[in-house]
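J.: My structure file data_13.cif, mmCIF, C-alpha atoms, is below:
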```cif
data_model
#
loop_
_atom_site.label_atom_id
_atom_site.label_comp_id
_atom_site.auth_asym_id
_atom_site.auth_seq_id
_atom_site.Cartn_x
_atom_site.Cartn_y
_atom_site.Cartn_z
CA MET A 1 43.78 -74.36 65.20
CA SER A 2 42.01 -73.14 62.08
CA THR A 3 44.06 -71.13 59.57
CA SER A 4 40.99 -69.38 57.99
CA ARG A 5 40.22 -65.98 59.30
CA GLU A 6 37.25 -66.07 61.58
CA ARG A 7 34.30 -64.01 60.25
CA LEU A 8 33.80 -60.93 62.27
CA PRO A 9 30.62 -59.05 62.72
CA ASP A 10 30.03 -56.09 60.39
CA GLU A 11 30.51 -53.59 63.16
CA HIS A 12 34.08 -54.92 63.62
CA ARG A 13 34.97 -54.85 59.91
CA THR A 14 36.56 -51.99 58.05
CA ARG A 15 34.61 -50.05 55.44
CA SER A 16 36.73 -51.59 52.67
CA GLU A 17 35.95 -55.11 53.84
CA GLN A 18 32.26 -54.30 54.07
CA TYR A 19 32.36 -52.88 50.54
CA HIS A 20 34.01 -55.98 48.97
CA GLN A 21 31.94 -58.38 51.04
CA ARG A 22 28.74 -56.98 49.54
CA GLY A 23 29.91 -57.23 45.93
CA GLY A 24 31.25 -53.72 45.51
CA GLY A 25 28.18 -51.96 46.88
CA GLY A 26 27.99 -49.98 50.06
CA VAL A 27 25.36 -50.25 52.70
CA TYR A 28 23.06 -48.30 50.43
CA GLY A 29 24.64 -49.32 47.13
CA ASP A 30 26.82 -47.29 44.88
CA ARG A 31 25.78 -43.67 45.11
CA HIS A 32 26.21 -43.12 41.38
CA GLN A 33 23.98 -46.12 40.66
CA GLN A 34 21.41 -44.80 43.09
CA ARG A 35 21.39 -41.44 41.30
CA GLU A 36 20.88 -43.20 37.96
CA GLY A 37 18.12 -45.40 39.38
CA TYR A 38 19.80 -48.82 39.38
CA GLY A 39 19.49 -49.57 43.10
CA ALA A 40 22.14 -51.39 45.03
CA GLY A 41 24.35 -53.70 43.00
CA GLY A 42 22.51 -53.00 39.73
CA VAL A 43 24.11 -53.72 36.36
CA TYR A 44 23.78 -51.18 33.48
CA ASP A 45 22.53 -52.59 30.20
CA ASP A 46 22.55 -50.35 27.05
CA ARG A 47 19.78 -52.35 25.42
CA HIS A 48 17.44 -52.13 28.41
CA PRO A 49 18.11 -48.92 30.35
CA PRO A 50 16.52 -49.11 33.78
CA HIS A 51 13.72 -46.84 34.92
CA ASP A 52 14.09 -44.39 37.69
CA ALA A 53 13.34 -45.64 41.17
CA TYR A 54 10.26 -43.44 41.23
CA GLY A 55 9.09 -43.90 37.62
CA ASP A 56 9.99 -42.63 34.22
CA ARG A 57 11.73 -39.23 34.29
CA GLN A 58 9.60 -37.85 31.45
CA GLN A 59 6.50 -38.71 33.47
CA GLN A 60 8.06 -37.02 36.48
CA ARG A 61 8.61 -33.88 34.41
CA ASP A 62 4.99 -34.06 33.27
CA GLY A 63 3.89 -34.22 36.87
CA TYR A 64 2.64 -37.79 36.99
CA GLY A 65 5.32 -39.30 39.18
CA GLY A 66 5.92 -43.00 38.55
CA GLY A 67 3.32 -43.39 35.82
CA HIS A 68 0.91 -45.29 38.14
CA TRP A 69 0.71 -42.77 40.93
CA ARG A 70 -2.74 -41.33 41.52
CA HIS A 71 -4.65 -39.50 44.20
CA GLU A 72 -6.50 -41.54 46.79
CA ASP A 73 -9.74 -40.99 44.89
CA GLY A 74 -8.18 -42.38 41.66
CA ARG A 75 -7.65 -39.03 39.88
CA ARG A 76 -4.37 -38.28 38.16
CA PRO A 77 -2.54 -35.21 39.40
CA HIS A 78 -2.90 -31.95 37.45
CA ARG A 79 -0.30 -31.72 34.70
CA ARG A 80 1.89 -28.67 34.82
CA PRO A 81 1.64 -26.33 31.80
CA ARG A 82 4.34 -26.78 29.21
CA TYR A 83 6.18 -24.19 27.11
CA ASN A 84 4.23 -25.22 24.02
CA ASP A 85 0.99 -24.31 25.80
CA PHE A 86 2.39 -20.83 26.46
CA ARG A 87 3.36 -20.44 22.82
CA GLY A 88 -0.14 -21.43 21.72
CA HIS A 89 -1.65 -18.88 24.08
CA ARG A 90 0.69 -16.18 22.76
CA SER A 91 -0.13 -16.97 19.12
CA GLY A 92 -3.81 -16.74 19.97
CA VAL A 93 -3.31 -13.26 21.43
CA LEU A 94 -1.46 -12.15 18.28
CA GLU A 95 -4.23 -13.46 16.03
CA TRP A 96 -6.89 -11.59 18.02
CA THR A 97 -4.81 -8.41 17.96
CA ALA A 98 -4.37 -8.63 14.16
CA ALA A 99 -8.10 -9.24 13.73
CA VAL A 100 -8.96 -6.17 15.81
CA VAL A 101 -6.47 -3.97 13.91
CA PHE A 102 -7.78 -5.04 10.50
CA THR A 103 -11.36 -4.55 11.64
CA VAL A 104 -10.60 -1.00 12.73
CA LEU A 105 -8.87 -0.27 9.40
CA ALA A 106 -11.84 -1.63 7.47
CA ILE A 107 -14.21 0.59 9.46
CA VAL A 108 -12.02 3.65 8.80
CA VAL A 109 -11.91 2.95 5.05
CA LEU A 110 -15.68 2.44 4.98
CA LEU A 111 -16.30 5.73 6.79
CA ALA A 112 -13.95 7.56 4.42
CA ALA A 113 -15.78 6.12 1.39
CA VAL A 114 -19.15 7.13 2.82
CA THR A 115 -17.85 10.64 3.51
CA VAL A 116 -16.58 11.04 -0.05
CA LEU A 117 -19.89 9.77 -1.42
CA VAL A 118 -21.85 12.25 0.70
CA VAL A 119 -19.61 15.12 -0.42
CA VAL A 120 -20.01 14.17 -4.08
CA LEU A 121 -23.78 13.79 -3.90
CA LEU A 122 -24.61 16.79 -1.72
CA LEU A 123 -21.94 19.38 -2.51
CA GLN A 124 -21.34 18.26 -6.12
CA PRO A 125 -17.83 19.71 -6.47
CA ARG A 126 -16.64 20.34 -10.02
CA SER A 127 -13.31 21.29 -11.48
CA PRO A 128 -13.17 24.74 -13.16
CA TYR A 129 -12.39 24.52 -16.85
CA LEU A 130 -11.74 26.38 -20.11
CA ALA A 131 -13.87 26.15 -23.25
CA VAL A 132 -13.62 27.65 -26.74
CA ARG A 133 -17.02 29.06 -27.62
CA THR A 134 -16.44 30.66 -31.02
CA ALA A 135 -13.63 30.72 -33.58
CA ARG A 136 -13.16 32.41 -36.95
CA LEU A 137 -10.35 32.54 -39.51
CA ASP A 138 -10.10 36.21 -40.47
CA ALA A 139 -7.06 36.17 -42.76
CA LEU A 140 -4.78 33.67 -44.46
CA VAL A 141 -2.02 34.72 -46.82
CA TYR A 142 0.26 31.96 -48.07
CA ASP A 143 3.51 32.68 -49.90
CA GLN A 144 4.42 30.30 -52.70
CA GLN A 145 7.97 30.39 -51.34
CA GLY A 146 6.82 28.33 -48.34
CA ALA A 147 5.72 30.79 -45.65
CA LEU A 148 2.52 32.02 -44.05
CA ASP A 149 2.77 35.73 -44.60
CA ASP A 150 -0.32 36.59 -42.60
CA VAL A 151 -2.65 34.49 -40.41
CA GLN A 152 -5.32 35.95 -38.15
CA LEU A 153 -7.88 34.10 -36.00
CA SER A 154 -10.50 35.40 -33.60
CA LEU A 155 -11.23 33.19 -30.58
CA LEU A 156 -13.65 33.50 -27.70
CA VAL A 157 -12.46 31.40 -24.76
CA GLU A 158 -14.60 31.06 -21.64
CA ALA A 159 -13.29 30.27 -18.14
CA ARG A 160 -16.03 28.70 -16.06
CA ASN A 161 -16.47 27.74 -12.41
CA ALA A 162 -19.16 25.07 -12.15
CA ASN A 163 -19.06 24.83 -8.34
CA ALA A 164 -22.29 25.94 -6.68
CA ARG A 165 -20.80 26.76 -3.24
CA SER A 166 -17.15 27.58 -3.81
CA ALA A 167 -15.26 30.34 -5.60
CA ALA A 168 -12.37 29.46 -7.93
CA SER A 169 -9.24 31.14 -9.23
CA PHE A 170 -7.30 30.78 -12.50
CA SER A 171 -3.60 31.44 -12.97
CA ARG A 172 -0.77 30.74 -15.45
CA LEU A 173 -3.22 30.48 -18.33
CA GLU A 174 -1.61 29.95 -21.73
CA LEU A 175 -3.01 28.80 -25.07
CA ARG A 176 -0.94 27.99 -28.18
CA LEU A 177 -2.21 28.26 -31.75
CA GLU A 178 -0.27 26.11 -34.23
CA PHE A 179 -0.27 24.74 -37.71
CA GLY A 180 1.43 21.45 -38.51
CA GLY A 181 3.30 21.54 -35.21
CA VAL A 182 4.60 25.09 -35.73
CA VAL A 183 3.45 27.51 -32.99
CA LEU A 184 1.97 30.61 -34.60
CA ALA A 185 0.79 32.53 -31.48
CA ARG A 186 0.66 32.27 -27.67
CA LEU A 187 -2.41 33.55 -25.84
CA ARG A 188 -2.10 34.41 -22.14
CA ALA A 189 -4.18 35.95 -19.35
CA ASP A 190 -3.42 37.46 -15.94
CA PRO A 191 -4.65 35.60 -12.81
CA PHE A 192 -8.33 36.10 -12.03
CA GLY A 193 -11.06 34.70 -9.81
CA LEU A 194 -14.59 33.51 -10.39
CA PRO A 195 -17.57 33.36 -8.00
CA PRO A 196 -19.65 30.18 -7.60
CA ARG A 197 -21.21 29.26 -10.93
CA GLY A 198 -19.37 32.20 -12.48
CA ALA A 199 -17.84 32.55 -15.95
CA LEU A 200 -15.44 34.98 -17.64
CA PRO A 201 -15.20 35.38 -21.46
CA LEU A 202 -11.71 35.90 -22.83
CA ALA A 203 -11.59 37.35 -26.37
CA TYR A 204 -8.35 36.80 -28.30
CA VAL A 205 -7.16 37.86 -31.72
CA ALA A 206 -4.26 35.62 -32.66
CA ARG A 207 -2.05 36.93 -35.48
CA ALA A 208 1.13 35.57 -37.02
CA ARG A 209 3.24 36.96 -39.86
CA GLY A 210 6.05 35.41 -41.81
CA ALA A 211 5.85 31.96 -40.22
CA PRO A 212 8.32 29.77 -42.16
CA LEU A 213 7.21 26.29 -43.28
CA ASP A 214 9.24 23.34 -44.50
CA ALA A 215 8.38 21.37 -47.62
CA THR A 216 6.02 18.99 -45.79
CA ARG A 217 4.01 21.77 -44.13
CA SER A 218 3.96 23.83 -47.35
CA ALA A 219 2.46 20.85 -49.15
CA ALA A 220 -0.13 20.53 -46.35
CA VAL A 221 -1.17 24.20 -46.74
CA GLU A 222 -1.51 23.85 -50.50
CA ALA A 223 -3.63 20.69 -50.09
CA ALA A 224 -5.88 22.44 -47.52
CA LEU A 225 -6.39 25.43 -49.81
CA ARG A 226 -7.36 23.11 -52.66
CA ASP A 227 -9.86 21.26 -50.43
CA GLY A 228 -11.24 24.50 -49.01
CA VAL A 229 -10.73 23.41 -45.34
CA VAL A 230 -7.75 24.67 -43.31
CA PRO A 231 -6.98 23.00 -39.95
CA PHE A 232 -5.32 24.66 -36.96
CA GLY A 233 -4.40 23.16 -33.60
CA LEU A 234 -5.09 24.74 -30.22
CA ASP A 235 -3.74 23.46 -26.91
CA GLY A 236 -3.02 24.96 -23.52
CA GLU A 237 -3.51 24.79 -19.77
CA ALA A 238 -4.35 26.81 -16.68
CA ARG A 239 -3.87 26.22 -12.97
CA THR A 240 -7.08 26.34 -10.95
CA ALA A 241 -7.72 26.45 -7.21
CA TRP A 242 -10.90 26.11 -5.14
CA LYS A 243 -12.18 24.65 -1.89
CA ILE A 244 -14.46 21.73 -1.15
CA ALA A 245 -17.09 22.60 1.48
CA GLY A 246 -15.04 25.72 2.24
CA LEU A 247 -12.44 23.61 4.09
CA VAL A 248 -10.35 21.39 1.80
CA GLY A 249 -8.26 23.29 -0.73
CA VAL A 250 -7.79 21.74 -4.19
CA HIS A 251 -5.25 22.74 -6.85
CA HIS A 252 -5.62 21.29 -10.31
CA TRP A 253 -4.17 21.81 -13.80
CA THR A 254 -6.91 21.98 -16.42
CA ARG A 255 -5.72 21.25 -19.98
CA LEU A 256 -7.31 21.38 -23.42
CA ALA A 257 -6.19 20.17 -26.85
CA CYS A 258 -8.35 20.27 -29.95
CA GLU A 259 -8.39 20.91 -33.68
CA LEU A 260 -10.20 23.85 -35.29
CA ARG A 261 -11.07 23.56 -38.96
CA PHE A 262 -12.20 26.51 -41.10
CA PHE A 263 -13.80 26.81 -44.49
CA TRP A 264 -11.76 28.92 -46.81
CA PRO A 265 -12.18 31.56 -48.15
CA ASN A 266 -15.19 32.49 -45.98
CA GLY A 267 -13.36 31.63 -42.72
CA THR A 268 -16.25 30.07 -40.77
CA ALA A 269 -15.46 27.21 -38.42
CA LEU A 270 -16.76 23.71 -38.79
CA HIS A 271 -18.60 22.30 -35.81
CA PHE A 272 -16.19 21.60 -32.96
CA SER A 273 -16.12 20.82 -29.26
CA CYS A 274 -13.10 22.18 -27.45
CA ASN A 275 -12.90 22.31 -23.63
CA SER A 276 -10.78 21.15 -20.72
CA LYS A 277 -13.46 19.29 -18.77
CA SER A 278 -12.04 16.25 -17.04
CA LYS A 279 -13.61 12.93 -18.02
CA PHE A 280 -12.45 10.95 -14.99
CA TRP A 281 -12.05 13.68 -12.35
CA PHE A 282 -15.27 14.16 -10.37
CA PHE A 283 -13.94 17.20 -8.60
#
```
Now, as a test, write the supplied structure out as structure tokens.
T.:
Amino acid sequence: MSTSRERLPDEHRTRSEQYHQRGGGGVYGDRHQQREGYGAGGVYDDRHPPHDAYGDRQQQRDGYGGGHWRHEDGRRPHRRPRYNDFRGHRSGVLEWTAAVVFTVLAIVVLLAAVTVLVVVLLLQPRSPYLAVRTARLDALVYDQQGALDDVQLSLLVEARNANARSAASFSRLELRLEFGGVVLARLRADPFGLPPRGALPLAYVARARGAPLDATRSAAVEAALRDGVVPFGLDGEARTAWKIAGLVGVHHWTRLACELRFFWPNGTALHFSCNSKSKFWFF
């Protein structure tokens, strides 16, 4: 009688016996190993990780299957679009949008420049201004104690509107006559308007009495009387308003500052140019 256990068919063995008989693997191998792609009874090696049963997983994600799988006609399957492809498409849309926006802005700026050029050439807008046409020193009495006892000047100031198609108005006009920084007289005018290409003469008689002078200014008066030429300063401003093409209203401060020099004792003025025309303001 044999003492060894007689081998039984698999259908008569328990599941545990079947498991150990096959080296630790079930009928279909360890399920965890099957999920990882080892197959039945496979051994994991860190240096050489096994491939998936159906090919590399990265290739599966790319849509190729097991790396060698092809259609019957030999063509590889169509690769599914990746996220990077979507990002590239989105960046392309943004670049086109930016290009369109900048193109529109460039066209708008170009049209605005052309419009301004047409207005300047056809309408020829000009800023109204003030100009001193004539000046005369009528009286000058200097006290040896350091004061101007009597000073009198006659000035003819002209307000002019050089616009051919637009009326203009003047307001808050004030001119200051001074000597050596000391204001001797203030000349003002009420608000008034001018038609296109119109002008208004403003005649002033500026007079000052008893204007005190310090030692420096007294010395300047004495030197001017010896040389026979007496200088006076004139500065001021006025606020003007007019319309361009009858639609766009413009408000502008026009300012003048100049020096008037007179022969003494006859009181005639040396040649001068005194106006508030803007040098860099086309309008």
J.: Using the chain letters and numbering of this document, enumerate as number ranges by chain the residues selected by the PyMOL selection byres ((chain A and resi 218) around 10).
T.: A: 142-148, 180, 212-217, 219-224
J.: Using all atoms listed in the file, which protein or nucleic acid residues come within 8 Å of A:Ala238? Drop anything in the same chain fewer than 4 positions from it, and give the result as a list of chain:residue names.
T.: A:Phe170, A:Ser171, A:Arg172, A:Leu173, A:Glu174, A:Trp253, A:Thr254, A:Arg255
J.: I'd like to see the residues matched by the PyMOL selection byres ((chain A and resi 199) around 7) on this file, and ideally I'd get them as a list in words.
T.: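 Evaluating the PyMOL selection byres ((chain A and resi 199) around 7) on these coordinates yields Glu158, Ala159, Arg160, Asn161, Leu194, Arg197, Gly198, Leu200 and Pro201 of chain A.
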J.: Quick check, in Å to one decimal: how far apart do atom CA of A:Asp227 and atom CA of A:Ser273 lie?
T.: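 These two atoms are separated by 22.1 Å.
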J.: What is the distance, in Å and to one decimal place, between atom CA of A:Leu225 and atom CA of A:Trp264?
T.: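 Atom-to-atom, atom CA of A:Leu225 to atom CA of A:Trp264, that is 7.1 Å.
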J.: So which residues get picked by the PyMOL selection byres ((chain A and resi 241) around 10) here, written as a PDB file with C-alpha atoms, in the frame of the given file?
T.:
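The result, written out as selection_14.pdb:
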```
ATOM      1  CA  SER A 127     -13.310  21.290 -11.480  1.00  0.00           C
ATOM      2  CA  PRO A 128     -13.170  24.740 -13.160  1.00  0.00           C
ATOM      3  CA  ALA A 167     -15.260  30.340  -5.600  1.00  0.00           C
ATOM      4  CA  ALA A 168     -12.370  29.460  -7.930  1.00  0.00           C
ATOM      5  CA  SER A 169      -9.240  31.140  -9.230  1.00  0.00           C
ATOM      6  CA  PHE A 170      -7.300  30.780 -12.500  1.00  0.00           C
ATOM      7  CA  SER A 171      -3.600  31.440 -12.970  1.00  0.00           C
ATOM      8  CA  GLY A 193     -11.060  34.700  -9.810  1.00  0.00           C
ATOM      9  CA  ARG A 239      -3.870  26.220 -12.970  1.00  0.00           C
ATOM     10  CA  THR A 240      -7.080  26.340 -10.950  1.00  0.00           C
ATOM     11  CA  TRP A 242     -10.900  26.110  -5.140  1.00  0.00           C
ATOM     12  CA  LYS A 243     -12.180  24.650  -1.890  1.00  0.00           C
ATOM     13  CA  GLY A 249      -8.260  23.290  -0.730  1.00  0.00           C
ATOM     14  CA  VAL A 250      -7.790  21.740  -4.190  1.00  0.00           C
ATOM     15  CA  HIS A 251      -5.250  22.740  -6.850  1.00  0.00           C
ATOM     16  CA  HIS A 252      -5.620  21.290 -10.310  1.00  0.00           C
ATOM     17  CA  TRP A 253      -4.170  21.810 -13.800  1.00  0.00           C
TER      18      TRP A 253
END
```
J.: Have a look at A:Ala206, A:Leu256, A:Ile107, A:Val230 and name the one nearest to A:Val132; count all atoms listed in the file.
T.: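 Closest to A:Val132, using all atoms listed in the file: A:Leu256.
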J.: Would you compute the distance between atom CA of A:Gly181 and atom CA of A:Asp150? Give it in Å to one decimal.
T.: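 Straight-line distance from atom CA of A:Gly181 to atom CA of A:Asp150 works out to 17.2 Å.
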J.: Between A:Leu153, A:Ala162, A:Leu137, A:Val100, which one has atoms that come closest to A:Leu187, using only C-alpha atoms?
T.: A:Leu153
J.: Give me the residues within 10 Å of A:Gly267 as an MDAnalysis selection string, counting all atoms listed in the file and dropping any in the same chain fewer than 4 places off.
T.: chainID A and resid 135:140 153 228:230 261:263
J.: Can you tell me, as a list in words, what residues are no more than 8 Å from A:Tyr204 when counting only C-alpha atoms, ignoring any on the same chain fewer than 5 positions away?
T.: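 The contact residues come out as Ser154, Leu155, Leu156, Val157 and Leu187 of chain A.
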J.: When you look at A:Asp235 with a cut-off of 10 Å (counting only C-alpha atoms), what residues show up, excluding the ones that are within fewer than 6 positions of it in the same chain? I need them as a PyMOL selection string.
T.: chain A and resi 174-178+186+255-259+274-276
J.: Would you fill out stretch 240-256 of chain A with N, CA, C and O atoms and return it as a tab-separated table (two decimals), in the coordinates of the input?
T.:
```tsv
chain	number	residue	atom	x	y	z
A	240	THR	N	-5.88	25.92	-11.66
A	240	THR	CA	-7.08	26.34	-10.95
A	240	THR	C	-6.97	25.97	-9.47
A	240	THR	O	-6.25	25.04	-9.09
A	241	ALA	N	-7.70	26.71	-8.65
A	241	ALA	CA	-7.72	26.45	-7.21
A	241	ALA	C	-9.12	26.76	-6.68
A	241	ALA	O	-9.72	27.76	-7.06
A	242	TRP	N	-9.62	25.91	-5.79
A	242	TRP	CA	-10.90	26.11	-5.14
A	242	TRP	C	-10.94	25.26	-3.87
A	242	TRP	O	-9.99	24.52	-3.57
A	243	LYS	N	-12.04	25.37	-3.14
A	243	LYS	CA	-12.18	24.65	-1.89
A	243	LYS	C	-13.44	23.80	-1.91
A	243	LYS	O	-14.47	24.22	-2.44
A	244	ILE	N	-13.33	22.63	-1.30
A	244	ILE	CA	-14.46	21.73	-1.15
A	244	ILE	C	-15.08	21.96	0.22
A	244	ILE	O	-14.40	21.85	1.25
A	245	ALA	N	-16.35	22.31	0.24
A	245	ALA	CA	-17.09	22.60	1.48
A	245	ALA	C	-16.45	23.74	2.26
A	245	ALA	O	-16.65	23.87	3.47
A	246	GLY	N	-15.68	24.59	1.58
A	246	GLY	CA	-15.04	25.72	2.24
A	246	GLY	C	-13.90	25.35	3.16
A	246	GLY	O	-13.36	26.22	3.85
A	247	LEU	N	-13.47	24.06	3.15
A	247	LEU	CA	-12.44	23.61	4.09
A	247	LEU	C	-11.22	23.03	3.39
A	247	LEU	O	-10.08	23.38	3.71
A	248	VAL	N	-11.44	22.12	2.45
A	248	VAL	CA	-10.35	21.39	1.80
A	248	VAL	C	-9.97	22.10	0.52
A	248	VAL	O	-10.77	22.22	-0.42
A	249	GLY	N	-8.74	22.60	0.46
A	249	GLY	CA	-8.26	23.29	-0.73
A	249	GLY	C	-7.80	22.30	-1.80
A	249	GLY	O	-7.15	21.30	-1.51
A	250	VAL	N	-8.15	22.59	-3.06
A	250	VAL	CA	-7.79	21.74	-4.19
A	250	VAL	C	-7.10	22.59	-5.24
A	250	VAL	O	-7.58	23.68	-5.58
A	251	HIS	N	-5.97	22.08	-5.75
A	251	HIS	CA	-5.25	22.74	-6.85
A	251	HIS	C	-5.16	21.75	-8.00
A	251	HIS	O	-4.79	20.58	-7.80
A	252	HIS	N	-5.51	22.21	-9.19
A	252	HIS	CA	-5.62	21.29	-10.31
A	252	HIS	C	-5.25	22.01	-11.61
A	252	HIS	O	-5.64	23.17	-11.82
A	253	TRP	N	-4.48	21.29	-12.47
A	253	TRP	CA	-4.17	21.81	-13.80
A	253	TRP	C	-5.28	21.36	-14.75
A	253	TRP	O	-5.55	20.16	-14.87
A	254	THR	N	-5.92	22.31	-15.41
A	254	THR	CA	-6.91	21.98	-16.42
A	254	THR	C	-6.28	22.20	-17.80
A	254	THR	O	-5.68	23.25	-18.05
A	255	ARG	N	-6.41	21.22	-18.69
A	255	ARG	CA	-5.72	21.25	-19.98
A	255	ARG	C	-6.73	20.99	-21.10
A	255	ARG	O	-7.65	20.18	-20.94
A	256	LEU	N	-6.49	21.63	-22.23
A	256	LEU	CA	-7.31	21.38	-23.42
A	256	LEU	C	-6.40	21.19	-24.62
A	256	LEU	O	-5.28	21.72	-24.68
```
